[in-house]
Amino acid sequence: MNTLNVAEYVQTLGVQAKLASALMARADAATKNKALKALARRLRAAGAPLAQANARDLDRAVAAGLSAPMVDRLKLTPKVLETVAQGCDQLAGMADVIGEVIGMRQQPSGIRVGQMRVPIGVFGMIYESRPNVTIEAASLAIKSGNAAILRGGSEAIESNKALAQLVSESLEEAGLPVDAVQLVQTTDREAVGQLIAMPEFVDVIIPRGGKGLIERISREARVPVIKHLDGNCHVYVDHTAEPDMALRIVDNAKTQKYSPCNAAEGLLVAASLAEAFLPEIGAVFAAKGVEMRCDPVAARILRADAAHLPEARVVDAVEADWSEEYLAAVISIKVVEGIDEAIAHINRYSSHHTDAIVTRDHMNAQRFLREVDSASVMVNASTRFADGFEFGLGAEIGISTDKFHARGPVGIEGLTSLKYVVLGQGEVRS
């Protein structure tokens, strides 16, 4: 497509989405749930054709020299497909919040005032790599009564087309408009510029991908944006932490999967526990090939255990390491005096995504929850749980580190708005 044709194409998607959003807003819960169950059924039955489409994307990615973590994000494994199918089932089983009225109060004038939860309308989703996001976004759009325009990365175009076809078939089966979820079928980057500049059709944009993409969207969008730039997550091992628990949590937070934004990138250890704990976790990391970028104290402790830790795995940290989202087998490590220094370090260097404390001290746990300025804050649990499915939201459309409207994993309620409703019996203002 040339630039003019791309503009016309995306404009057409916008018109269709706007019309579909009105129909979705008045769809009843049973109809939306029927579409979700149909989508779950199709995802479980379409393994072979989805695998073929995904293989074409993977072959192209490898030929193009994409990094191993990027290729990993492209994979539609049976486990990934079952997870998104379960997400559809979970959403279908959840209460429908659309039309819910909260906070209804009688006023001195006689009127009753409350707030009703309603769909946002049309959201645009711009994402990279992971094709499972197509289903997460589509299923949340259906449950929340919104319409969605989805623009996935060019590296996953075949997978996304195959998944979007399943969504269209499921919407049609339930009697909902097929234009309620539309995939941008062109890989032309001009489509992104058009999508983020249509406030007459699109109510909010949600970017999900690398920092460069999100910075561009935030800078150029003429539509409100729900975003997070990166995932520099931390685990702080407090002086009272139970050692075996701390080892399990830190290991899982870092190595269960390196590529997600909720993987731990920084480890903070209380000074009184460091001599005992660091060699233990260091041996775990060394065995898994994790490079440790350490402050002087942590480096000294780890290098003293040279029999288990080859020098190459222990590196002197530089200032930039404390802010880095590695998305790889690398972690920064710092020894801190206690919870005050840990909280200060996290609030200065983290991306305000997800941070965790391992502790047996109730007061320190409460301080960490109150004072760490992040979208998800955890006590004695892996940062890898910062996920809409794991939080019981059915699915998530992304993580928001903004402080308005939606924060943390964005599920159904994050795709809704509240409007005031007033009930009267003929009252007039004096």
# chains A, B, ... in the order shown; residues from 1 in each chain; ligands from 1
>>> residues_around(residues="A:Leu76", least_positions_apart="3", cutoff="9 Å", atoms="only C-alpha atoms", output="JSON, numbers by chain")
{"A": [50, 51, 54, 55, 73, 79, 80, 81, 130, 131, 132, 159]}
>>> residues_around(residues="A:Leu23", least_positions_apart="3", cutoff="12 Å", atoms="only C-alpha atoms", output="list in words")
Gln16, Ala17, Lys18, Leu19, Ala20, Arg26, Ala27, Asp28, Thr31, Lys32, Pro119, Gly121, Val122, Ile142, Gly145, Asn146, Ala147, Gly175, Leu176, Pro177, Val178, Asp179 and Ala180 of chain A
>>> residues_around(residues="A:Gln194", least_positions_apart="4", cutoff="7 Å", atoms="only C-alpha atoms", output="number ranges by chain")
A: 7, 10, 190, 198
>>> select_by_dssp(residues="stretch 162-403 of chain A", states="alpha helix (DSSP H)", output="ChimeraX atom specification")
/A:162-174,190-195,211-220,243-255,271-287,296-303,339-349,362-371
>>> select_by_dssp(residues="stretch 76-242 of chain A", states="strand (DSSP E or B)", output="count of residues only")
39
>>> residues_around(residues="A:Met70", least_positions_apart="2", cutoff="10 Å", atoms="only C-alpha atoms", output="ChimeraX atom specification")
/A:58,61-62,65-68,72-75,128-130,155,259,327
>>> residues_around(residues="stretch 317-321 of chain A", least_positions_apart="3", cutoff="9 Å", atoms="only C-alpha atoms", output="VMD selection string")
chain A and resid 266 292 to 296 299 324 to 326 331 to 333
>>> write_last_selection(atoms="N, CA and C atoms", output="PDB file, in the first residue's frame")
ATOM      1  N   GLY A 266      17.052  -6.637  39.108  1.00  0.00           N
ATOM      2  CA  GLY A 266      17.904  -6.182  40.195  1.00  0.00           C
ATOM      3  C   GLY A 266      17.666  -6.985  41.460  1.00  0.00           C
ATOM      4  N   MET A 292      26.381 -11.635  36.723  1.00  0.00           N
ATOM      5  CA  MET A 292      26.032 -10.826  37.894  1.00  0.00           C
ATOM      6  C   MET A 292      26.842  -9.531  37.882  1.00  0.00           C
ATOM      7  N   ARG A 293      26.157  -8.406  37.785  1.00  0.00           N
ATOM      8  CA  ARG A 293      26.811  -7.099  37.758  1.00  0.00           C
ATOM      9  C   ARG A 293      26.660  -6.478  39.152  1.00  0.00           C
ATOM     10  N   CYS A 294      27.762  -6.409  39.865  1.00  0.00           N
ATOM     11  CA  CYS A 294      27.717  -6.220  41.315  1.00  0.00           C
ATOM     12  C   CYS A 294      28.352  -4.918  41.781  1.00  0.00           C
ATOM     13  N   ASP A 295      27.830  -4.419  42.907  1.00  0.00           N
ATOM     14  CA  ASP A 295      28.509  -3.332  43.606  1.00  0.00           C
ATOM     15  C   ASP A 295      29.756  -3.925  44.290  1.00  0.00           C
ATOM     16  N   PRO A 296      30.663  -3.093  44.807  1.00  0.00           N
ATOM     17  CA  PRO A 296      31.926  -3.628  45.352  1.00  0.00           C
ATOM     18  C   PRO A 296      31.752  -4.670  46.445  1.00  0.00           C
ATOM     19  N   ALA A 299      30.453  -7.932  44.885  1.00  0.00           N
ATOM     20  CA  ALA A 299      31.513  -8.533  44.059  1.00  0.00           C
ATOM     21  C   ALA A 299      32.557  -9.216  44.925  1.00  0.00           C
ATOM     22  N   GLU A 324      18.878  -0.608  34.305  1.00  0.00           N
ATOM     23  CA  GLU A 324      18.774  -1.370  33.063  1.00  0.00           C
ATOM     24  C   GLU A 324      17.707  -2.461  33.112  1.00  0.00           C
ATOM     25  N   GLU A 325      16.930  -2.562  32.011  1.00  0.00           N
ATOM     26  CA  GLU A 325      16.062  -3.718  31.794  1.00  0.00           C
ATOM     27  C   GLU A 325      16.814  -4.643  30.833  1.00  0.00           C
ATOM     28  N   TYR A 326      17.371  -5.728  31.340  1.00  0.00           N
ATOM     29  CA  TYR A 326      18.242  -6.576  30.533  1.00  0.00           C
ATOM     30  C   TYR A 326      17.468  -7.495  29.583  1.00  0.00           C
ATOM     31  N   ILE A 331      21.839  -9.880  35.750  1.00  0.00           N
ATOM     32  CA  ILE A 331      21.140  -9.259  36.871  1.00  0.00           C
ATOM     33  C   ILE A 331      22.108  -8.345  37.617  1.00  0.00           C
ATOM     34  N   SER A 332      21.604  -7.214  38.083  1.00  0.00           N
ATOM     35  CA  SER A 332      22.423  -6.347  38.928  1.00  0.00           C
ATOM     36  C   SER A 332      22.223  -6.759  40.386  1.00  0.00           C
ATOM     37  N   ILE A 333      23.308  -6.660  41.174  1.00  0.00           N
ATOM     38  CA  ILE A 333      23.254  -7.079  42.585  1.00  0.00           C
ATOM     39  C   ILE A 333      23.904  -6.005  43.446  1.00  0.00           C
TER      40      ILE A 333
END
>>> atom_distance(atom1="atom CA of A:Ala191", atom2="atom CA of A:Val133")
18.4 Å
>>> atom_distance(atom1="atom CA of A:Asn33", atom2="atom CA of A:Gln52")
28.6 Å
>>> atom_distance(atom1="atom CA of A:Arg384", atom2="atom CA of A:Thr83")
15.2 Å
>>> closest_residue(among="A:Ala162, A:Met363, A:Leu183, A:Leu171", to="A:Ala148", atoms="only C-alpha atoms")
A:Leu183
>>> closest_residue(among="A:Gly152, A:Pro260, A:Gly289, A:Gly398", to="A:Thr186", atoms="only C-alpha atoms")
A:Gly152
>>> residues_around(residues="A:Leu229", least_positions_apart="3", cutoff="12 Å", atoms="only C-alpha atoms", output="VMD selection string")
chain A and resid 206 to 218 225 to 226 232 261 324 to 325 350 to 353 398 to 402
>>> residues_around(residues="A:Met94", least_positions_apart="5", cutoff="12 Å", atoms="only C-alpha atoms", output="list in words")
Ala29, Ala30, Lys32, Asn33, Leu36, Gly87, Cys88, Asp89, Leu140, Lys143, Ser144, Gly392, Leu393, Gly394, Ala395, Gly411, Ile412 and Glu413 of chain A
>>> write_last_selection(atoms="N, CA, C and O atoms", output="PDB file, in the first residue's frame")
ATOM      1  N   ALA A  29     -24.424  -9.980  28.758  1.00  0.00           N
ATOM      2  CA  ALA A  29     -23.327 -10.806  29.266  1.00  0.00           C
ATOM      3  C   ALA A  29     -23.311 -12.181  28.617  1.00  0.00           C
ATOM      4  O   ALA A  29     -22.248 -12.710  28.274  1.00  0.00           O
ATOM      5  N   ALA A  30     -24.490 -12.790  28.430  1.00  0.00           N
ATOM      6  CA  ALA A  30     -24.559 -14.141  27.868  1.00  0.00           C
ATOM      7  C   ALA A  30     -23.985 -14.181  26.457  1.00  0.00           C
ATOM      8  O   ALA A  30     -23.291 -15.139  26.083  1.00  0.00           O
ATOM      9  N   LYS A  32     -21.729 -12.075  25.103  1.00  0.00           N
ATOM     10  CA  LYS A  32     -20.280 -11.887  25.150  1.00  0.00           C
ATOM     11  C   LYS A  32     -19.585 -13.159  25.640  1.00  0.00           C
ATOM     12  O   LYS A  32     -18.531 -13.543  25.106  1.00  0.00           O
ATOM     13  N   ASN A  33     -20.178 -13.808  26.625  1.00  0.00           N
ATOM     14  CA  ASN A  33     -19.586 -15.044  27.143  1.00  0.00           C
ATOM     15  C   ASN A  33     -19.626 -16.166  26.110  1.00  0.00           C
ATOM     16  O   ASN A  33     -18.718 -17.005  26.051  1.00  0.00           O
ATOM     17  N   LEU A  36     -16.661 -15.676  23.908  1.00  0.00           N
ATOM     18  CA  LEU A  36     -15.423 -16.060  24.589  1.00  0.00           C
ATOM     19  C   LEU A  36     -15.261 -17.577  24.647  1.00  0.00           C
ATOM     20  O   LEU A  36     -14.166 -18.103  24.420  1.00  0.00           O
ATOM     21  N   GLY A  87      -7.635 -18.243  29.614  1.00  0.00           N
ATOM     22  CA  GLY A  87      -7.977 -16.845  29.879  1.00  0.00           C
ATOM     23  C   GLY A  87      -9.359 -16.500  29.360  1.00  0.00           C
ATOM     24  O   GLY A  87     -10.134 -15.803  30.035  1.00  0.00           O
ATOM     25  N   CYS A  88      -9.698 -17.000  28.169  1.00  0.00           N
ATOM     26  CA  CYS A  88     -11.044 -16.776  27.622  1.00  0.00           C
ATOM     27  C   CYS A  88     -12.107 -17.420  28.504  1.00  0.00           C
ATOM     28  O   CYS A  88     -13.152 -16.816  28.791  1.00  0.00           O
ATOM     29  N   ASP A  89     -11.838 -18.654  28.933  1.00  0.00           N
ATOM     30  CA  ASP A  89     -12.783 -19.345  29.817  1.00  0.00           C
ATOM     31  C   ASP A  89     -12.939 -18.593  31.142  1.00  0.00           C
ATOM     32  O   ASP A  89     -14.048 -18.467  31.678  1.00  0.00           O
ATOM     33  N   LEU A 140     -10.406  -9.478  26.045  1.00  0.00           N
ATOM     34  CA  LEU A 140     -10.747  -8.387  26.956  1.00  0.00           C
ATOM     35  C   LEU A 140     -11.673  -7.375  26.293  1.00  0.00           C
ATOM     36  O   LEU A 140     -12.555  -6.810  26.950  1.00  0.00           O
ATOM     37  N   LYS A 143     -15.195  -9.004  26.496  1.00  0.00           N
ATOM     38  CA  LYS A 143     -15.788  -9.020  27.833  1.00  0.00           C
ATOM     39  C   LYS A 143     -16.138  -7.618  28.311  1.00  0.00           C
ATOM     40  O   LYS A 143     -17.157  -7.413  28.986  1.00  0.00           O
ATOM     41  N   SER A 144     -15.317  -6.630  27.956  1.00  0.00           N
ATOM     42  CA  SER A 144     -15.547  -5.267  28.438  1.00  0.00           C
ATOM     43  C   SER A 144     -16.494  -4.465  27.542  1.00  0.00           C
ATOM     44  O   SER A 144     -16.772  -3.301  27.828  1.00  0.00           O
ATOM     45  N   GLY A 392      -5.881 -13.136  38.346  1.00  0.00           N
ATOM     46  CA  GLY A 392      -7.296 -13.483  38.269  1.00  0.00           C
ATOM     47  C   GLY A 392      -8.124 -12.536  37.435  1.00  0.00           C
ATOM     48  O   GLY A 392      -9.348 -12.483  37.570  1.00  0.00           O
ATOM     49  N   LEU A 393      -7.466 -11.790  36.529  1.00  0.00           N
ATOM     50  CA  LEU A 393      -8.190 -10.851  35.663  1.00  0.00           C
ATOM     51  C   LEU A 393      -8.659 -11.513  34.375  1.00  0.00           C
ATOM     52  O   LEU A 393      -9.292 -10.866  33.550  1.00  0.00           O
ATOM     53  N   GLY A 394      -8.340 -12.799  34.193  1.00  0.00           N
ATOM     54  CA  GLY A 394      -8.719 -13.502  32.979  1.00  0.00           C
ATOM     55  C   GLY A 394      -7.652 -13.346  31.913  1.00  0.00           C
ATOM     56  O   GLY A 394      -7.231 -14.296  31.286  1.00  0.00           O
ATOM     57  N   ALA A 395      -7.209 -12.142  31.725  1.00  0.00           N
ATOM     58  CA  ALA A 395      -6.149 -11.812  30.776  1.00  0.00           C
ATOM     59  C   ALA A 395      -5.743 -10.386  31.090  1.00  0.00           C
ATOM     60  O   ALA A 395      -6.339  -9.721  31.931  1.00  0.00           O
ATOM     61  N   GLY A 411      -6.886  -5.134  33.102  1.00  0.00           N
ATOM     62  CA  GLY A 411      -7.905  -6.119  32.760  1.00  0.00           C
ATOM     63  C   GLY A 411      -9.204  -5.443  32.368  1.00  0.00           C
ATOM     64  O   GLY A 411      -9.208  -4.351  31.792  1.00  0.00           O
ATOM     65  N   ILE A 412     -10.316  -6.082  32.707  1.00  0.00           N
ATOM     66  CA  ILE A 412     -11.623  -5.576  32.271  1.00  0.00           C
ATOM     67  C   ILE A 412     -11.864  -4.163  32.777  1.00  0.00           C
ATOM     68  O   ILE A 412     -12.208  -3.254  32.004  1.00  0.00           O
ATOM     69  N   GLU A 413     -11.693  -3.948  34.084  1.00  0.00           N
ATOM     70  CA  GLU A 413     -12.018  -2.628  34.643  1.00  0.00           C
ATOM     71  C   GLU A 413     -11.115  -1.543  34.077  1.00  0.00           C
ATOM     72  O   GLU A 413     -11.534  -0.386  33.955  1.00  0.00           O
TER      73      GLU A 413
END
